[in-house]
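The file coords14.cif comes next; it holds mmCIF, C-alpha atoms.
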```
data_start
loop_
_atom_site.label_atom_id
_atom_site.label_comp_id
_atom_site.auth_asym_id
_atom_site.auth_seq_id
_atom_site.Cartn_x
_atom_site.Cartn_y
_atom_site.Cartn_z
CA MET A 1 76.03 57.20 231.63
CA LYS A 2 72.44 56.10 231.22
CA ALA A 3 73.19 54.47 227.88
CA ARG A 4 75.91 52.38 229.51
CA LEU A 5 73.61 51.35 232.37
CA SER A 6 70.99 50.15 229.94
CA LEU A 7 73.38 47.41 228.85
CA ILE A 8 72.90 45.87 232.25
CA PRO A 9 69.17 45.21 232.67
CA LEU A 10 69.24 44.91 236.45
CA LEU A 11 70.97 48.26 236.93
CA ALA A 12 68.74 49.77 234.27
CA ALA A 13 65.75 48.89 236.41
CA PHE A 14 67.13 51.00 239.24
CA ALA A 15 67.92 53.82 236.84
CA VAL A 16 64.32 53.81 235.60
CA GLY A 17 63.03 53.83 239.15
CA ALA A 18 65.14 56.85 239.96
CA HIS A 19 64.14 58.80 236.84
CA ALA A 20 60.50 57.59 236.74
CA GLN A 21 60.53 57.32 232.93
CA VAL A 22 57.90 54.63 233.12
CA THR A 23 55.29 54.56 235.86
CA VAL A 24 52.86 51.75 236.52
CA SER A 25 49.81 51.87 238.77
CA ASP A 26 46.78 49.78 239.74
CA ALA A 27 48.39 46.47 238.79
CA TRP A 28 46.08 43.54 239.49
CA VAL A 29 45.63 39.91 238.54
CA ARG A 30 42.34 38.05 238.42
CA GLY A 31 42.39 35.27 241.02
CA THR A 32 42.12 31.64 239.96
CA VAL A 33 40.91 28.29 241.29
CA ALA A 34 42.58 24.88 241.36
CA GLN A 35 43.39 23.45 237.87
CA GLN A 36 42.96 26.85 236.23
CA LYS A 37 46.16 27.51 234.31
CA THR A 38 45.44 30.90 232.79
CA THR A 39 44.44 34.36 233.96
CA GLY A 40 44.82 38.04 233.09
CA LEU A 41 47.12 40.80 234.38
CA PHE A 42 46.00 44.42 234.17
CA PHE A 43 47.56 47.81 234.99
CA SER A 44 47.92 51.43 233.92
CA ILE A 45 51.27 52.40 232.41
CA THR A 46 52.73 55.75 231.41
CA SER A 47 55.99 56.40 229.62
CA ALA A 48 57.15 60.00 230.04
CA GLN A 49 59.14 60.01 226.80
CA GLY A 50 57.14 57.44 224.87
CA GLY A 51 58.03 53.90 223.84
CA LYS A 52 56.45 50.50 223.75
CA LEU A 53 55.80 47.70 226.20
CA VAL A 54 57.54 44.68 224.67
CA ALA A 55 57.65 41.98 227.34
CA VAL A 56 56.30 40.99 230.73
CA SER A 57 57.53 38.25 233.03
CA THR A 58 56.76 36.81 236.47
CA PRO A 59 57.82 33.77 238.45
CA ALA A 60 54.09 32.99 238.94
CA ALA A 61 53.54 31.81 235.35
CA HIS A 62 55.55 30.19 232.56
CA ASP A 63 54.43 32.30 229.62
CA LEU A 64 53.19 35.89 229.60
CA GLN A 65 51.81 37.34 226.38
CA LEU A 66 50.46 40.72 225.35
CA HIS A 67 46.91 40.32 224.04
CA GLU A 68 44.12 42.47 222.75
CA MET A 69 40.49 41.58 223.38
CA SER A 70 37.95 43.14 221.04
CA MET A 71 34.29 42.66 220.27
CA LYS A 72 33.29 41.85 216.69
CA GLY A 73 29.54 42.00 216.88
CA ASP A 74 28.72 39.72 219.79
CA VAL A 75 31.91 37.68 219.39
CA MET A 76 34.79 38.27 221.79
CA THR A 77 38.10 37.88 220.00
CA MET A 78 41.58 37.50 221.50
CA ARG A 79 44.76 38.20 219.61
CA GLN A 80 48.38 38.26 220.66
CA VAL A 81 50.09 41.56 219.88
CA PRO A 82 53.90 41.98 219.56
CA ALA A 83 54.02 45.18 221.61
CA ILE A 84 51.83 47.88 223.14
CA ASP A 85 52.48 51.47 222.09
CA LEU A 86 53.03 53.97 224.89
CA PRO A 87 52.61 57.51 223.53
CA ALA A 88 54.72 60.03 225.48
CA GLY A 89 53.02 61.14 228.67
CA LYS A 90 49.80 59.27 227.92
CA THR A 91 48.46 56.70 230.36
CA VAL A 92 47.61 53.42 228.66
CA LYS A 93 45.18 51.19 230.54
CA LEU A 94 45.49 47.44 230.27
CA GLU A 95 42.09 46.02 231.18
CA PRO A 96 39.92 42.92 230.62
CA ASN A 97 38.04 44.47 227.70
CA GLY A 98 41.00 45.71 225.71
CA LEU A 99 44.77 45.39 225.81
CA HIS A 100 45.96 43.13 228.62
CA VAL A 101 48.57 40.59 229.62
CA MET A 102 47.68 36.89 229.51
CA MET A 103 49.38 34.72 232.11
CA PHE A 104 49.64 31.15 230.76
CA GLY A 105 50.93 28.16 232.69
CA LEU A 106 50.29 29.38 236.23
CA VAL A 107 52.67 27.78 238.72
CA HIS A 108 49.95 27.62 241.38
CA PRO A 109 46.42 29.03 241.88
CA LEU A 110 46.35 32.73 242.79
CA ALA A 111 44.26 33.57 245.85
CA ALA A 112 42.77 36.99 246.52
CA GLY A 113 45.08 39.13 248.67
CA GLU A 114 48.32 37.63 247.35
CA THR A 115 50.76 39.79 245.44
CA VAL A 116 52.53 38.74 242.26
CA PRO A 117 55.91 40.25 241.34
CA VAL A 118 55.97 41.33 237.70
CA THR A 119 58.77 42.70 235.50
CA LEU A 120 57.82 44.92 232.56
CA ALA A 121 60.22 45.65 229.70
CA VAL A 122 59.73 48.93 227.83
CA GLU A 123 61.69 50.02 224.76
CA ASP A 124 62.12 53.67 223.83
CA ALA A 125 62.23 55.05 220.28
CA LYS A 126 65.92 54.15 219.97
CA GLY A 127 65.29 50.56 221.03
CA LYS A 128 66.83 51.10 224.47
CA ARG A 129 65.21 48.71 226.90
CA GLU A 130 64.19 49.62 230.45
CA THR A 131 62.63 47.32 233.00
CA VAL A 132 60.17 48.14 235.74
CA GLN A 133 59.32 45.96 238.73
CA VAL A 134 55.75 46.04 240.03
CA GLN A 135 53.75 44.13 242.59
CA ALA A 136 50.33 43.14 241.24
CA ARG A 137 47.65 42.39 243.78
CA VAL A 138 45.39 39.39 243.25
CA GLU A 139 41.68 40.20 243.20
CA ALA A 140 38.95 37.64 243.85
CA LEU A 141 37.89 35.74 240.72
CA GLY A 142 34.27 36.80 241.20
CA THR A 143 35.05 40.53 241.49
CA PRO A 144 32.78 42.36 239.05
CA HIS A 145 34.53 44.42 236.38
CA THR A 146 31.65 45.62 234.27
CA MET A 147 32.16 45.76 230.50
CA GLY A 148 33.37 49.20 229.55
CA ALA A 149 32.57 50.70 232.91
CA MET A 150 35.79 49.95 234.73
CA SER A 151 38.20 52.55 233.41
CA GLY A 152 39.80 54.41 236.25
CA SER A 153 37.81 52.49 238.83
CA MET A 154 40.71 50.33 240.03
CA LYS A 155 42.04 51.46 243.35
CA MET B 1 -37.31 84.08 211.99
CA THR B 2 -33.69 83.61 212.93
CA GLU B 3 -34.53 80.48 214.81
CA PRO B 4 -31.52 78.15 214.48
CA THR B 5 -31.96 75.16 212.29
CA PRO B 6 -32.08 71.87 214.19
CA SER B 7 -28.76 70.77 212.77
CA THR B 8 -26.81 73.63 214.37
CA SER B 9 -28.50 73.49 217.79
CA PRO B 10 -25.87 72.73 220.49
CA THR B 11 -28.28 70.39 222.24
CA HIS B 12 -28.89 68.52 219.05
CA LEU B 13 -25.15 68.25 218.36
CA VAL B 14 -24.62 66.59 221.72
CA LEU B 15 -27.50 64.22 221.11
CA ARG B 16 -26.15 63.31 217.70
CA SER B 17 -22.61 62.71 219.06
CA LEU B 18 -23.77 60.66 222.00
CA PRO B 19 -23.89 57.28 220.24
CA ILE B 20 -20.38 57.85 218.85
CA ALA B 21 -19.11 58.80 222.30
CA ILE B 22 -20.68 55.68 223.75
CA VAL B 23 -19.09 53.52 221.07
CA ILE B 24 -15.67 55.10 221.74
CA ALA B 25 -16.05 54.60 225.48
CA VAL B 26 -17.07 50.97 225.10
CA VAL B 27 -14.27 50.17 222.65
CA GLY B 28 -11.80 52.02 224.88
CA ALA B 29 -12.90 50.10 227.94
CA PHE B 30 -12.66 46.86 226.00
CA LEU B 31 -9.11 47.62 224.83
CA ALA B 32 -8.13 48.69 228.33
CA PHE B 33 -9.49 45.39 229.62
CA ILE B 34 -7.53 43.42 227.02
CA PHE B 35 -4.21 45.18 227.58
CA LEU B 36 -4.39 46.16 231.23
CA GLY B 37 -6.68 43.47 232.59
CA SER B 38 -3.96 40.81 232.29
CA GLY B 39 -1.26 43.01 233.83
CA PRO B 40 0.96 45.64 232.22
CA PRO B 41 2.18 44.94 228.69
CA THR B 42 5.56 43.16 228.74
CA ARG B 43 8.48 45.30 227.72
CA PHE B 44 11.79 43.45 227.79
CA ASN B 45 15.25 44.98 227.96
CA ALA B 46 16.83 41.99 226.19
CA ILE B 47 16.06 41.02 222.58
CA ASP B 48 12.82 39.03 222.28
CA ILE B 49 13.51 35.83 220.28
CA THR B 50 10.36 33.98 221.37
CA GLY B 51 9.41 31.37 218.80
CA SER B 52 12.44 32.03 216.60
CA GLY B 53 13.13 28.32 216.35
CA TYR B 54 16.74 28.21 217.57
CA ALA B 55 18.41 28.02 220.99
CA ASP B 56 15.56 25.75 222.01
CA ASP B 57 17.28 22.87 223.82
CA PHE B 58 20.53 21.02 224.57
CA GLN B 59 21.69 17.52 225.56
CA LEU B 60 24.67 17.90 227.89
CA THR B 61 26.05 16.60 231.19
CA ASP B 62 26.15 18.49 234.48
CA MET B 63 29.07 18.57 236.92
CA ASP B 64 27.72 15.49 238.75
CA GLY B 65 27.58 13.49 235.53
CA HIS B 66 23.78 13.67 235.06
CA PRO B 67 22.43 14.11 231.52
CA ARG B 68 20.60 17.44 231.25
CA SER B 69 18.27 19.19 228.84
CA ILE B 70 16.24 22.38 229.31
CA ALA B 71 13.25 20.33 230.51
CA ASP B 72 15.20 19.43 233.67
CA TYR B 73 15.05 23.06 234.79
CA ARG B 74 11.34 23.58 234.08
CA GLY B 75 9.64 25.69 236.76
CA ASN B 76 12.62 28.06 236.82
CA ALA B 77 13.62 30.93 234.60
CA VAL B 78 17.00 29.99 233.12
CA MET B 79 20.04 32.00 232.01
CA VAL B 80 22.46 30.23 229.62
CA PHE B 81 25.96 31.44 228.76
CA PHE B 82 28.68 29.79 226.65
CA GLY B 83 32.28 30.32 227.76
CA PHE B 84 35.45 28.74 229.14
CA THR B 85 37.23 28.98 232.47
CA GLN B 86 40.62 30.11 231.07
CA CYS B 87 38.89 33.23 229.72
CA PRO B 88 40.34 36.51 231.05
CA SER B 89 37.57 38.84 230.02
CA ALA B 90 34.06 38.19 228.79
CA CYS B 91 33.35 35.07 230.87
CA PRO B 92 34.25 36.36 234.34
CA THR B 93 32.57 39.66 233.47
CA GLU B 94 29.38 37.92 232.44
CA LEU B 95 29.44 35.51 235.39
CA ALA B 96 29.94 38.40 237.81
CA ARG B 97 26.98 40.13 236.15
CA SER B 98 24.85 36.98 236.52
CA ALA B 99 25.81 36.79 240.21
CA GLU B 100 24.69 40.41 240.54
CA VAL B 101 21.40 39.54 238.77
CA MET B 102 20.80 36.83 241.38
CA ARG B 103 21.51 39.27 244.24
CA ARG B 104 19.09 41.80 242.75
CA LEU B 105 16.37 39.16 242.39
CA GLY B 106 16.45 38.53 246.13
CA PRO B 107 14.08 35.69 247.13
CA SER B 108 13.00 35.23 243.47
CA ALA B 109 16.53 33.98 242.70
CA ARG B 110 15.38 30.62 244.08
CA HIS B 111 13.40 30.26 240.85
CA VAL B 112 16.27 31.17 238.52
CA ARG B 113 19.06 28.88 237.26
CA MET B 114 22.32 29.99 235.68
CA LEU B 115 23.81 27.45 233.25
CA PHE B 116 27.42 27.85 232.07
CA ILE B 117 28.05 25.73 228.96
CA THR B 118 31.76 25.22 228.29
CA ILE B 119 33.06 25.60 224.74
CA ASP B 120 36.41 24.18 225.93
CA PRO B 121 35.53 20.69 227.24
CA GLU B 122 39.11 19.50 226.72
CA ARG B 123 40.35 21.71 229.56
CA ASP B 124 37.15 22.40 231.51
CA THR B 125 36.79 19.33 233.70
CA PRO B 126 33.68 19.05 235.90
CA GLU B 127 35.84 19.72 238.97
CA LEU B 128 37.43 22.83 237.48
CA MET B 129 34.04 24.17 236.40
CA ARG B 130 32.60 23.58 239.86
CA ASN B 131 35.47 25.42 241.57
CA TYR B 132 35.36 28.23 239.05
CA LEU B 133 31.59 28.80 239.15
CA GLN B 134 31.46 28.68 242.94
CA ALA B 135 33.70 31.74 243.02
CA PHE B 136 30.79 33.66 241.48
CA ASP B 137 27.65 32.01 242.92
CA PRO B 138 27.38 28.55 244.51
CA SER B 139 24.08 27.96 242.67
CA PHE B 140 25.63 28.24 239.18
CA ILE B 141 25.59 25.05 237.14
CA GLY B 142 28.28 23.95 234.68
CA LEU B 143 27.32 21.86 231.65
CA ARG B 144 29.62 20.14 229.21
CA GLY B 145 29.61 17.64 226.39
CA ASP B 146 32.23 15.93 224.27
CA LEU B 147 33.57 17.87 221.29
CA ALA B 148 30.74 16.71 219.02
CA ALA B 149 28.00 17.54 221.55
CA THR B 150 29.61 20.92 222.22
CA ALA B 151 29.67 21.71 218.49
CA ALA B 152 26.06 20.53 218.05
CA THR B 153 24.86 22.66 220.97
CA ALA B 154 26.69 25.72 219.68
CA ARG B 155 25.12 25.26 216.23
CA ARG B 156 21.69 24.94 217.80
CA PHE B 157 22.23 28.21 219.71
CA LYS B 158 23.98 29.97 216.81
CA VAL B 159 27.03 30.35 219.04
CA PHE B 160 30.37 30.93 217.34
CA TYR B 161 33.59 29.70 218.94
CA GLN B 162 37.09 28.79 217.79
CA LYS B 163 40.48 28.02 219.24
CA VAL B 164 43.14 30.68 218.78
CA PRO B 165 46.79 29.56 219.14
CA ALA B 166 48.71 31.39 221.89
CA GLY B 167 52.30 30.22 222.26
CA ASP B 168 52.24 26.53 223.12
CA THR B 169 48.62 26.75 224.29
CA TYR B 170 45.43 28.37 223.02
CA THR B 171 42.69 30.78 223.92
CA MET B 172 39.19 31.02 222.45
CA ASP B 173 37.10 33.48 220.48
CA HIS B 174 33.40 33.11 221.23
CA SER B 175 29.93 34.64 221.20
CA THR B 176 28.91 36.46 224.37
CA PHE B 177 25.10 36.54 224.40
CA THR B 178 23.16 35.27 227.39
CA TYR B 179 20.00 33.28 226.56
CA LEU B 180 16.96 33.55 228.82
CA PHE B 181 14.32 30.81 229.08
CA ASP B 182 10.93 31.10 230.78
CA PRO B 183 9.77 28.62 233.47
CA LYS B 184 8.03 26.53 230.81
CA GLY B 185 11.42 25.88 229.21
CA ARG B 186 10.80 28.09 226.18
CA ILE B 187 13.56 30.30 224.76
CA ARG B 188 12.46 33.93 225.14
CA LEU B 189 15.27 36.50 225.25
CA LEU B 190 18.82 37.24 224.15
CA ALA B 191 20.83 39.57 226.42
CA ARG B 192 23.80 41.46 225.03
CA PRO B 193 27.01 41.49 227.13
CA ASP B 194 26.62 45.20 227.87
CA LEU B 195 23.09 44.93 229.28
CA ASP B 196 23.25 45.69 233.00
CA ALA B 197 22.25 43.38 235.84
CA SER B 198 19.13 45.32 236.86
CA ALA B 199 17.75 45.19 233.29
CA ILE B 200 18.22 41.42 233.18
CA ALA B 201 16.74 41.00 236.67
CA ASN B 202 13.66 42.94 235.51
CA ASP B 203 13.30 40.70 232.45
CA LEU B 204 13.61 37.58 234.59
CA ARG B 205 10.92 38.88 236.94
CA GLN B 206 8.59 39.25 233.96
CA LEU B 207 9.40 35.74 232.76
CA LEU B 208 8.72 34.38 236.25
CA ALA B 209 5.39 36.27 236.40
CA GLY B 210 4.38 34.49 233.17
#
```
Serialized structure, structure tokens:
Amino acid sequence: MKARLSLIPLLAAFAVGAHAQVTVSDAWVRGTVAQQKTTGLFFSITSAQGGKLVAVSTPAAHDLQLHEMSMKGDVMTMRQVPAIDLPAGKTVKLEPNGLHVMMFGLVHPLAAGETVPVTLAVEDAKGKRETVQVQARVEALGTPHTMGAMSGSMK
Amino acid sequence: MTEPTPSTSPTHLVLRSLPIAIVIAVVGAFLAFIFLGSGPPTRFNAIDITGSGYADDFQLTDMDGHPRSIADYRGNAVMVFFGFTQCPSACPTELARSAEVMRRLGPSARHVRMLFITIDPERDTPELMRNYLQAFDPSFIGLRGDLAATAATARRFKVFYQKVPAGDTYTMDHSTFTYLFDPKGRIRLLARPDLDASAIANDLRQLLAG
């Protein structure tokens, strides 16, 4: 039954919600100002049975990409990654100083207090795709998120 | 017959040691005067690069179109950071930290300037930089140059940056040090991105004290 539902993404989303295979918490987007076309999306994600996050979409931006920020000496580097591994039962944190989602081509500036609807696509080991809908809250651009000191601090 | 020889008499020992003790006391007092007389010895949290011969100046334009160099900010301690407004991570983190530094400085913040030099002048217009920086602290100043001036400034500060393709757009890799100048316009310190706001505020207080 579940295998058949997964052929229809929309219904699959409801199936996932009911079975809570993938849970997402603390989703937030860094706010932007006029003319700023790019920002970051961050959240914690757990897949009960394991899988990988393969795609993210939102009506608020034209192009969402999975990226990894890392420090090489004092140089901050940004690289697109094809997918983010979700080990079974382990919470993976997407945050400014590590894995995160880049939102390119913002449709309009994002003000603090708004919410942004986001759809996450997760594939399990067999390549079966599930989607999860989340509402990400927009935090003020100037909100401090100290390097390395923000894990688990998002409420 | 067992009278002690003069050399082992306790009184004589004291008398013999007295000049040495006096010399030690005088030298000690002199050293104390040298090191303590002009205030406590400076101990910075950031890396001291005084006189290292780089990161000494820039020729850029501020958000109002005025040409600027470090001399224009003389009389203030100055923080300088290189970044770009489409940055999701290091730049907002560092700007939020600089805003926190200013809060911690209290009234002394009047004598501190934060300069944000864009490494992405093609997208960072003066208006965008103004809007962006105001979200952190209304006193923050954005500086930009054309591509050649940006590259020249980065070389002068030993700042690395490069465009990284991302779909039909790009993001940037870049250095994340903050440079601190004293009120005489001299480069003094290099702050790593993980140094906390109170440590930087303490360093700035020392730079302001001279």
(request) Point out the residue among B:Thr61, B:Thr150, B:Ser69, B:Thr93 with the least atom-to-atom distance to chain A, counting only C-alpha atoms. (result)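 Checking each of B:Thr61, B:Thr150, B:Ser69, B:Thr93 against chain A, counting only C-alpha atoms, the winner is B:Thr93.
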(request) Check what the PyMOL selection byres ((chain A) within 8 of (chain B)) selects in the file above and give those residues as a PyMOL selection string. (result) chain A and resi 30+32-40+63+69+74-80+96-97+102+104+140-147
Would you translate the PyMOL selection byres ((chain B and resi 108-115) around 8) into the concrete set of residues it matches in this file, as an mmCIF file with C-alpha atoms, in the frame of the given file?
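Resulting contents of result_12.cif:
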```cif
data_model
loop_
_atom_site.group_PDB
_atom_site.id
_atom_site.type_symbol
_atom_site.label_atom_id
_atom_site.label_comp_id
_atom_site.auth_asym_id
_atom_site.auth_seq_id
_atom_site.Cartn_x
_atom_site.Cartn_y
_atom_site.Cartn_z
ATOM 1 C CA TYR B 73 15.050 23.060 234.790
ATOM 2 C CA GLY B 75 9.640 25.690 236.760
ATOM 3 C CA ASN B 76 12.620 28.060 236.820
ATOM 4 C CA ALA B 77 13.620 30.930 234.600
ATOM 5 C CA VAL B 78 17.000 29.990 233.120
ATOM 6 C CA MET B 79 20.040 32.000 232.010
ATOM 7 C CA VAL B 80 22.460 30.230 229.620
ATOM 8 C CA PHE B 81 25.960 31.440 228.760
ATOM 9 C CA SER B 98 24.850 36.980 236.520
ATOM 10 C CA MET B 102 20.800 36.830 241.380
ATOM 11 C CA ARG B 103 21.510 39.270 244.240
ATOM 12 C CA LEU B 105 16.370 39.160 242.390
ATOM 13 C CA GLY B 106 16.450 38.530 246.130
ATOM 14 C CA PRO B 107 14.080 35.690 247.130
ATOM 15 C CA PHE B 116 27.420 27.850 232.070
ATOM 16 C CA ILE B 117 28.050 25.730 228.960
ATOM 17 C CA SER B 139 24.080 27.960 242.670
ATOM 18 C CA PHE B 140 25.630 28.240 239.180
ATOM 19 C CA ILE B 141 25.590 25.050 237.140
ATOM 20 C CA GLY B 142 28.280 23.950 234.680
ATOM 21 C CA LEU B 143 27.320 21.860 231.650
ATOM 22 C CA LEU B 204 13.610 37.580 234.590
ATOM 23 C CA ARG B 205 10.920 38.880 236.940
ATOM 24 C CA LEU B 208 8.720 34.380 236.250
#
```
(message) the PyMOL selection byres ((chain A and resi 113-122) around 10) - which residues does that actually catch in the file I just gave you? List them as number ranges by chain.
(response) A: 9, 13, 21-22, 24, 27-29, 31, 41, 45, 47, 50-61, 83-86, 110-112, 123-124, 127-140
Write to file, as an mmCIF file, keeping the file's coordinate frame, the residues of the selection just made, with C-alpha atoms.
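The result, stored in result_6.cif:
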```
data_model
loop_
_atom_site.group_PDB
_atom_site.id
_atom_site.type_symbol
_atom_site.label_atom_id
_atom_site.label_comp_id
_atom_site.auth_asym_id
_atom_site.auth_seq_id
_atom_site.Cartn_x
_atom_site.Cartn_y
_atom_site.Cartn_z
ATOM 1 C CA PRO A 9 69.170 45.210 232.670
ATOM 2 C CA ALA A 13 65.750 48.890 236.410
ATOM 3 C CA GLN A 21 60.530 57.320 232.930
ATOM 4 C CA VAL A 22 57.900 54.630 233.120
ATOM 5 C CA VAL A 24 52.860 51.750 236.520
ATOM 6 C CA ALA A 27 48.390 46.470 238.790
ATOM 7 C CA TRP A 28 46.080 43.540 239.490
ATOM 8 C CA VAL A 29 45.630 39.910 238.540
ATOM 9 C CA GLY A 31 42.390 35.270 241.020
ATOM 10 C CA LEU A 41 47.120 40.800 234.380
ATOM 11 C CA ILE A 45 51.270 52.400 232.410
ATOM 12 C CA SER A 47 55.990 56.400 229.620
ATOM 13 C CA GLY A 50 57.140 57.440 224.870
ATOM 14 C CA GLY A 51 58.030 53.900 223.840
ATOM 15 C CA LYS A 52 56.450 50.500 223.750
ATOM 16 C CA LEU A 53 55.800 47.700 226.200
ATOM 17 C CA VAL A 54 57.540 44.680 224.670
ATOM 18 C CA ALA A 55 57.650 41.980 227.340
ATOM 19 C CA VAL A 56 56.300 40.990 230.730
ATOM 20 C CA SER A 57 57.530 38.250 233.030
ATOM 21 C CA THR A 58 56.760 36.810 236.470
ATOM 22 C CA PRO A 59 57.820 33.770 238.450
ATOM 23 C CA ALA A 60 54.090 32.990 238.940
ATOM 24 C CA ALA A 61 53.540 31.810 235.350
ATOM 25 C CA ALA A 83 54.020 45.180 221.610
ATOM 26 C CA ILE A 84 51.830 47.880 223.140
ATOM 27 C CA ASP A 85 52.480 51.470 222.090
ATOM 28 C CA LEU A 86 53.030 53.970 224.890
ATOM 29 C CA LEU A 110 46.350 32.730 242.790
ATOM 30 C CA ALA A 111 44.260 33.570 245.850
ATOM 31 C CA ALA A 112 42.770 36.990 246.520
ATOM 32 C CA GLU A 123 61.690 50.020 224.760
ATOM 33 C CA ASP A 124 62.120 53.670 223.830
ATOM 34 C CA GLY A 127 65.290 50.560 221.030
ATOM 35 C CA LYS A 128 66.830 51.100 224.470
ATOM 36 C CA ARG A 129 65.210 48.710 226.900
ATOM 37 C CA GLU A 130 64.190 49.620 230.450
ATOM 38 C CA THR A 131 62.630 47.320 233.000
ATOM 39 C CA VAL A 132 60.170 48.140 235.740
ATOM 40 C CA GLN A 133 59.320 45.960 238.730
ATOM 41 C CA VAL A 134 55.750 46.040 240.030
ATOM 42 C CA GLN A 135 53.750 44.130 242.590
ATOM 43 C CA ALA A 136 50.330 43.140 241.240
ATOM 44 C CA ARG A 137 47.650 42.390 243.780
ATOM 45 C CA VAL A 138 45.390 39.390 243.250
ATOM 46 C CA GLU A 139 41.680 40.200 243.200
ATOM 47 C CA ALA A 140 38.950 37.640 243.850
#
```
(message) Just to confirm, what's the straight-line distance from atom CA of Pro126 of chain B to atom CA of Val107 of chain A in Å (one decimal)?
(response)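 About the pair atom CA of Pro126 of chain B and atom CA of Val107 of chain A: they are 21.1 Å apart.
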(request) Measuring atom to atom with only C-alpha atoms, identify which of A:Ala88, A:Ala125, A:Val101, A:Leu94 is nearest to Ala48 of chain A. (result)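 The shortest atom-to-atom distance to Ala48 of chain A comes from A:Ala88.
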(message) Could you tell me how far atom CA of Pro138 of chain B sits from atom CA of Leu190 of chain B, in Å to one decimal place?
(response) 23.7 Å
(message) Given the point (13.2, 40.0, 232.8) in the coordinates of this file, which residues lie within 10 Å, counting all atoms listed in the file, and how would they look as a PyMOL selection string?
(response) chain B and resi 42-46+77+180-182+188-189+191+198-209
(message) I'd like to know which of A:Thr46, A:Ser70, A:Thr91, A:Gln65 is closest to Met103 of chain A, using only C-alpha atoms.
(response)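 Closest candidate: A:Gln65.
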(request) Go ahead and compute the interatomic distance for atom CA of Ala71 of chain B and atom CA of Asp57 of chain B, in Å to one decimal. (result)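 So the answer is 8.2 Å.
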What would segment 93-104 of chain A look like with N, CA and C atoms restored, written as a tab-separated table (two decimals), in the coordinates of the input?
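Now in part28.tsv:
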```
chain	number	residue	atom	x	y	z
A	93	LYS	N	45.80	52.11	229.58
A	93	LYS	CA	45.18	51.19	230.54
A	93	LYS	C	45.10	49.80	229.94
A	94	LEU	N	45.66	48.83	230.64
A	94	LEU	CA	45.49	47.44	230.27
A	94	LEU	C	44.35	46.89	231.11
A	95	GLU	N	43.29	46.42	230.46
A	95	GLU	CA	42.09	46.02	231.18
A	95	GLU	C	41.43	44.84	230.49
A	96	PRO	N	40.49	44.15	231.19
A	96	PRO	CA	39.92	42.92	230.62
A	96	PRO	C	39.32	43.13	229.23
A	97	ASN	N	38.74	44.28	228.97
A	97	ASN	CA	38.04	44.47	227.70
A	97	ASN	C	38.86	45.24	226.69
A	98	GLY	N	40.15	45.02	226.67
A	98	GLY	CA	41.00	45.71	225.71
A	98	GLY	C	42.38	45.07	225.74
A	99	LEU	N	43.40	45.90	225.70
A	99	LEU	CA	44.77	45.39	225.81
A	99	LEU	C	44.98	44.83	227.21
A	100	HIS	N	45.65	43.70	227.30
A	100	HIS	CA	45.96	43.13	228.62
A	100	HIS	C	47.09	42.11	228.49
A	101	VAL	N	47.54	41.62	229.62
A	101	VAL	CA	48.57	40.59	229.62
A	101	VAL	C	47.92	39.26	230.00
A	102	MET	N	48.15	38.23	229.18
A	102	MET	CA	47.68	36.89	229.51
A	102	MET	C	48.79	36.16	230.24
A	103	MET	N	48.43	35.53	231.35
A	103	MET	CA	49.38	34.72	232.11
A	103	MET	C	49.04	33.25	231.84
A	104	PHE	N	49.87	32.56	231.07
A	104	PHE	CA	49.64	31.15	230.76
A	104	PHE	C	50.57	30.28	231.61
```
